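K.L.:
Contents of input_14.pdb (PDB, C-alpha atoms) are given next:
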```
ATOM      1  CA  MET Z 286     138.321  -3.906 157.149  1.00  0.00           C
ATOM      2  CA  VAL Z 287     138.761  -7.651 157.492  1.00  0.00           C
ATOM      3  CA  GLU Z 288     139.409  -9.523 154.248  1.00  0.00           C
ATOM      4  CA  TYR Z 289     137.575 -12.815 153.870  1.00  0.00           C
ATOM      5  CA  GLY Z 290     136.593 -14.971 150.918  1.00  0.00           C
ATOM      6  CA  LEU Z 291     134.595 -17.968 149.786  1.00  0.00           C
ATOM      7  CA  ASP Z 292     135.445 -21.229 151.627  1.00  0.00           C
ATOM      8  CA  ASP Z 293     137.299 -19.393 154.427  1.00  0.00           C
ATOM      9  CA  ILE Z 294     136.801 -20.709 157.977  1.00  0.00           C
ATOM     10  CA  VAL Z 295     135.784 -17.940 160.389  1.00  0.00           C
ATOM     11  CA  GLU Z 296     135.154 -17.709 164.117  1.00  0.00           C
ATOM     12  CA  MET Z 297     132.003 -15.934 165.237  1.00  0.00           C
ATOM     13  CA  LYS Z 298     131.661 -14.045 168.526  1.00  0.00           C
ATOM     14  CA  LYS Z 299     128.853 -16.261 169.854  1.00  0.00           C
ATOM     15  CA  GLU Z 300     128.709 -20.046 169.991  1.00  0.00           C
ATOM     16  CA  HIS Z 301     126.206 -22.018 167.922  1.00  0.00           C
ATOM     17  CA  PRO Z 302     123.876 -24.020 170.198  1.00  0.00           C
ATOM     18  CA  CYS Z 303     124.577 -27.334 168.388  1.00  0.00           C
ATOM     19  CA  ARG Z 304     127.849 -28.385 170.009  1.00  0.00           C
ATOM     20  CA  LYS Z 305     129.128 -25.022 171.203  1.00  0.00           C
ATOM     21  CA  SER Z 306     130.914 -24.518 167.882  1.00  0.00           C
ATOM     22  CA  LYS Z 307     132.161 -21.054 166.928  1.00  0.00           C
ATOM     23  CA  GLU Z 308     133.706 -22.175 163.618  1.00  0.00           C
ATOM     24  CA  TRP Z 309     131.852 -21.558 160.366  1.00  0.00           C
ATOM     25  CA  LYS Z 310     132.655 -21.925 156.649  1.00  0.00           C
ATOM     26  CA  ILE Z 311     131.661 -19.188 154.190  1.00  0.00           C
ATOM     27  CA  ILE Z 312     129.644 -20.915 151.449  1.00  0.00           C
ATOM     28  CA  ARG Z 313     128.060 -17.954 149.605  1.00  0.00           C
ATOM     29  CA  MET Z 314     129.077 -14.337 149.146  1.00  0.00           C
ATOM     30  CA  GLY Z 315     127.232 -11.360 147.710  1.00  0.00           C
ATOM     31  CA  ALA Z 316     125.158  -8.659 149.352  1.00  0.00           C
ATOM     32  CA  ASP Z 317     124.418 -11.414 151.893  1.00  0.00           C
ATOM     33  CA  ILE Z 318     126.897 -13.884 153.393  1.00  0.00           C
ATOM     34  CA  LYS Z 319     125.855 -17.513 153.931  1.00  0.00           C
ATOM     35  CA  ILE Z 320     127.842 -19.544 156.446  1.00  0.00           C
ATOM     36  CA  LYS Z 321     127.733 -23.227 157.424  1.00  0.00           C
ATOM     37  CA  CYS Z 322     128.347 -24.462 160.974  1.00  0.00           C
ATOM     38  CA  LEU Z 323     131.257 -26.908 161.130  1.00  0.00           C
ATOM     39  CA  GLY Z 324     129.723 -28.529 164.212  1.00  0.00           C
ATOM     40  CA  CYS Z 325     126.292 -29.582 162.930  1.00  0.00           C
ATOM     41  CA  GLY Z 326     126.143 -28.510 159.273  1.00  0.00           C
ATOM     42  CA  SER Z 327     123.293 -26.020 159.562  1.00  0.00           C
ATOM     43  CA  SER Z 328     123.562 -22.808 157.566  1.00  0.00           C
ATOM     44  CA  VAL Z 329     122.648 -19.187 158.272  1.00  0.00           C
ATOM     45  CA  MET Z 330     122.478 -16.144 155.999  1.00  0.00           C
ATOM     46  CA  PHE Z 331     123.386 -12.630 157.179  1.00  0.00           C
ATOM     47  CA  PRO Z 332     123.477  -9.246 155.486  1.00  0.00           C
ATOM     48  CA  ARG Z 333     127.155  -8.389 154.911  1.00  0.00           C
ATOM     49  CA  THR Z 334     127.182  -5.601 157.522  1.00  0.00           C
ATOM     50  CA  GLU Z 335     125.708  -7.858 160.217  1.00  0.00           C
ATOM     51  CA  PHE Z 336     128.144 -10.676 159.347  1.00  0.00           C
ATOM     52  CA  GLU Z 337     131.131  -8.325 159.670  1.00  0.00           C
ATOM     53  CA  ARG Z 338     129.865  -7.135 163.055  1.00  0.00           C
ATOM     54  CA  LYS Z 339     129.367 -10.695 164.375  1.00  0.00           C
ATOM     55  CA  MET Z 340     132.591 -12.212 162.982  1.00  0.00           C
ATOM     56  CA  LYS Z 341     135.498 -12.378 165.425  1.00  0.00           C
ATOM     57  CA  ARG Z 342     138.408 -13.533 163.208  1.00  0.00           C
ATOM     58  CA  ILE Z 343     139.457 -15.615 160.225  1.00  0.00           C
ATOM     59  CA  ILE Z 344     140.773 -19.017 161.301  1.00  0.00           C
ATOM     60  CA  LYS Z 345     141.803 -20.350 157.883  1.00  0.00           C
ATOM     61  CA  HIS Z 346     142.081 -18.365 154.670  1.00  0.00           C
ATOM     62  CA  THR Z 347     141.625 -20.390 151.482  1.00  0.00           C
ATOM     63  CA  GLU Z 348     144.398 -19.533 149.030  1.00  0.00           C
ATOM     64  CA  GLY Z 349     143.677 -18.886 145.355  1.00  0.00           C
ATOM     65  CA  LYS Z 350     140.200 -17.502 145.954  1.00  0.00           C
ATOM     66  CA  GLU Z 351     139.016 -13.954 145.349  1.00  0.00           C
ATOM     67  CA  VAL Z 352     138.971 -11.918 148.562  1.00  0.00           C
ATOM     68  CA  ASN Z 353     136.263  -9.280 149.141  1.00  0.00           C
TER
END
```
As structure tokens, what does this structure read like?
P.N.:
Amino acid sequence: MVEYGLDDIVEMKKEHPCRKSKEWKIIRMGADIKIKCLGCGSSVMFPRTEFERKMKRIIKHTEGKEVN
């Protein structure tokens, strides 16, 4: 299982149509995960299981935060 936390920067498998950005910032965690596109600033919410399936890797892990 991949460990990720609030404010981490993650890469998704598919590009966002804005500027072909694959980098997103996790801005809310719970049963659902809300992420914000670093290209255009739009946000999307996924159920945790769907987010984990669509996430490719963690680009930057924010230190000092709780990891789920």
K.L.:
Can you work out the spacing between CA of Arg342 in chain Z and CA of Glu296 in chain Z in Å, to one decimal?
P.N.:
5.4 Å
K.L.:
Restricting the calculation to all atoms listed in the file: of Z:Ala316, Z:Ile294, Z:Cys303, Z:Leu323, which residue gets closest to His346 in chain Z?
P.N.:
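The closest residue to His346 in chain Z is Z:Ile294.
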K.L.:
Calculate how many Å separate CA of Met297 in chain Z from CA of Ile344 in chain Z, rounding to one decimal.
P.N.:
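Interatomic distance, CA of Met297 in chain Z to CA of Ile344 in chain Z: 10.1 Å.
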K.L.:
CA of Lys341 in chain Z to CA of Lys298 in chain Z: how many Å, to one decimal?
P.N.:
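For CA of Lys341 in chain Z relative to CA of Lys298 in chain Z, the distance reads 5.2 Å.
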K.L.:
Can you translate the PyMOL selection byres ((chain Z and resi 324) around 10) into the concrete residues it hits in this file, as a count of residues only?
P.N.:
15
K.L.:
Let me know the residues the PyMOL selection byres ((chain Z and resi 314) around 9) catches in the file above, as number ranges by chain.
P.N.:
Z: 290-291, 311-313, 315-319, 333, 353
K.L.:
When distances are computed from all atoms listed in the file, which of Z:Thr347, Z:Met340, Z:Ser328, Z:Ile320 shows the smallest separation from Lys299 in chain Z?
P.N.:
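Among Z:Thr347, Z:Met340, Z:Ser328, Z:Ile320, it is Z:Met340 that comes nearest to Lys299 in chain Z.
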K.L.:
Just add all heavy atoms to range 331-342 of chain Z and send it as a short mmCIF file (atom, residue, chain, number, x, y, z; two decimals), in the frame of the given file.
P.N.:
```
data_model
loop_
_atom_site.label_atom_id
_atom_site.label_comp_id
_atom_site.auth_asym_id
_atom_site.auth_seq_id
_atom_site.Cartn_x
_atom_site.Cartn_y
_atom_site.Cartn_z
N PHE Z 331 123.37 -13.96 156.56
CA PHE Z 331 123.39 -12.63 157.18
C PHE Z 331 123.59 -11.57 156.11
O PHE Z 331 124.31 -11.81 155.13
CB PHE Z 331 124.58 -12.48 158.14
CG PHE Z 331 124.53 -13.34 159.36
CD1 PHE Z 331 125.37 -14.43 159.49
CD2 PHE Z 331 123.67 -13.04 160.40
CE1 PHE Z 331 125.34 -15.21 160.63
CE2 PHE Z 331 123.65 -13.82 161.55
CZ PHE Z 331 124.49 -14.91 161.65
N PRO Z 332 123.04 -10.38 156.30
CA PRO Z 332 123.48 -9.25 155.49
C PRO Z 332 124.96 -9.02 155.77
O PRO Z 332 125.44 -9.29 156.87
CB PRO Z 332 122.64 -8.07 156.00
CG PRO Z 332 121.48 -8.69 156.71
CD PRO Z 332 121.97 -10.01 157.22
N ARG Z 333 125.71 -8.55 154.78
CA ARG Z 333 127.16 -8.39 154.91
C ARG Z 333 127.55 -7.56 156.13
O ARG Z 333 128.48 -7.91 156.86
CB ARG Z 333 127.73 -7.77 153.64
CG ARG Z 333 129.24 -7.71 153.63
CD ARG Z 333 129.76 -7.14 152.33
NE ARG Z 333 129.57 -8.05 151.22
CZ ARG Z 333 130.53 -8.85 150.75
NH1 ARG Z 333 131.72 -8.83 151.28
NH2 ARG Z 333 130.29 -9.66 149.74
N THR Z 334 126.84 -6.46 156.39
CA THR Z 334 127.18 -5.60 157.52
C THR Z 334 127.00 -6.33 158.86
O THR Z 334 127.83 -6.18 159.75
CB THR Z 334 126.34 -4.31 157.51
OG1 THR Z 334 124.96 -4.66 157.48
CG2 THR Z 334 126.68 -3.44 156.33
N GLU Z 335 125.95 -7.10 158.98
CA GLU Z 335 125.71 -7.86 160.22
C GLU Z 335 126.75 -8.96 160.39
O GLU Z 335 127.26 -9.19 161.49
CB GLU Z 335 124.31 -8.47 160.21
CG GLU Z 335 123.94 -9.17 161.48
CD GLU Z 335 122.53 -9.73 161.47
OE1 GLU Z 335 121.75 -9.40 160.56
OE2 GLU Z 335 122.21 -10.50 162.38
N PHE Z 336 127.11 -9.64 159.29
CA PHE Z 336 128.14 -10.68 159.35
C PHE Z 336 129.47 -10.10 159.83
O PHE Z 336 130.12 -10.67 160.70
CB PHE Z 336 128.32 -11.31 157.97
CG PHE Z 336 129.51 -12.24 157.88
CD1 PHE Z 336 129.45 -13.51 158.41
CD2 PHE Z 336 130.69 -11.82 157.29
CE1 PHE Z 336 130.54 -14.36 158.35
CE2 PHE Z 336 131.78 -12.66 157.22
CZ PHE Z 336 131.71 -13.94 157.75
N GLU Z 337 129.86 -8.95 159.28
CA GLU Z 337 131.13 -8.32 159.67
C GLU Z 337 131.12 -7.91 161.13
O GLU Z 337 132.15 -7.96 161.81
CB GLU Z 337 131.44 -7.14 158.76
CG GLU Z 337 131.80 -7.57 157.36
CD GLU Z 337 132.03 -6.42 156.40
OE1 GLU Z 337 131.80 -5.26 156.78
OE2 GLU Z 337 132.43 -6.69 155.26
N ARG Z 338 129.98 -7.52 161.65
CA ARG Z 338 129.86 -7.14 163.06
C ARG Z 338 129.96 -8.36 163.98
O ARG Z 338 130.53 -8.29 165.06
CB ARG Z 338 128.54 -6.40 163.27
CG ARG Z 338 128.42 -5.76 164.62
CD ARG Z 338 127.14 -4.95 164.76
NE ARG Z 338 125.97 -5.82 164.82
CZ ARG Z 338 124.97 -5.82 163.95
NH1 ARG Z 338 124.97 -4.99 162.92
NH2 ARG Z 338 123.95 -6.63 164.08
N LYS Z 339 129.41 -9.50 163.53
CA LYS Z 339 129.37 -10.70 164.38
C LYS Z 339 130.60 -11.59 164.24
O LYS Z 339 130.82 -12.45 165.09
CB LYS Z 339 128.12 -11.52 164.05
CG LYS Z 339 126.85 -10.82 164.48
CD LYS Z 339 125.64 -11.67 164.22
CE LYS Z 339 124.39 -10.99 164.76
NZ LYS Z 339 123.22 -11.86 164.69
N MET Z 340 131.39 -11.40 163.18
CA MET Z 340 132.59 -12.21 162.98
C MET Z 340 133.71 -11.74 163.91
O MET Z 340 133.93 -10.55 164.06
CB MET Z 340 133.07 -12.12 161.53
CG MET Z 340 134.26 -13.01 161.26
SD MET Z 340 134.85 -12.93 159.57
CE MET Z 340 135.62 -11.34 159.56
N LYS Z 341 134.40 -12.70 164.52
CA LYS Z 341 135.50 -12.38 165.42
C LYS Z 341 136.83 -12.36 164.69
O LYS Z 341 137.59 -11.41 164.79
CB LYS Z 341 135.54 -13.39 166.56
CG LYS Z 341 136.53 -13.07 167.64
CD LYS Z 341 136.36 -14.03 168.80
CE LYS Z 341 137.30 -13.68 169.94
NZ LYS Z 341 137.11 -14.59 171.07
N ARG Z 342 137.14 -13.45 163.93
CA ARG Z 342 138.41 -13.53 163.21
C ARG Z 342 138.34 -14.61 162.14
O ARG Z 342 137.46 -15.47 162.16
CB ARG Z 342 139.57 -13.82 164.17
CG ARG Z 342 139.51 -15.19 164.79
CD ARG Z 342 140.61 -15.40 165.81
NE ARG Z 342 140.46 -16.70 166.45
CZ ARG Z 342 141.22 -17.76 166.19
NH1 ARG Z 342 142.19 -17.68 165.31
NH2 ARG Z 342 141.02 -18.90 166.80
#
```
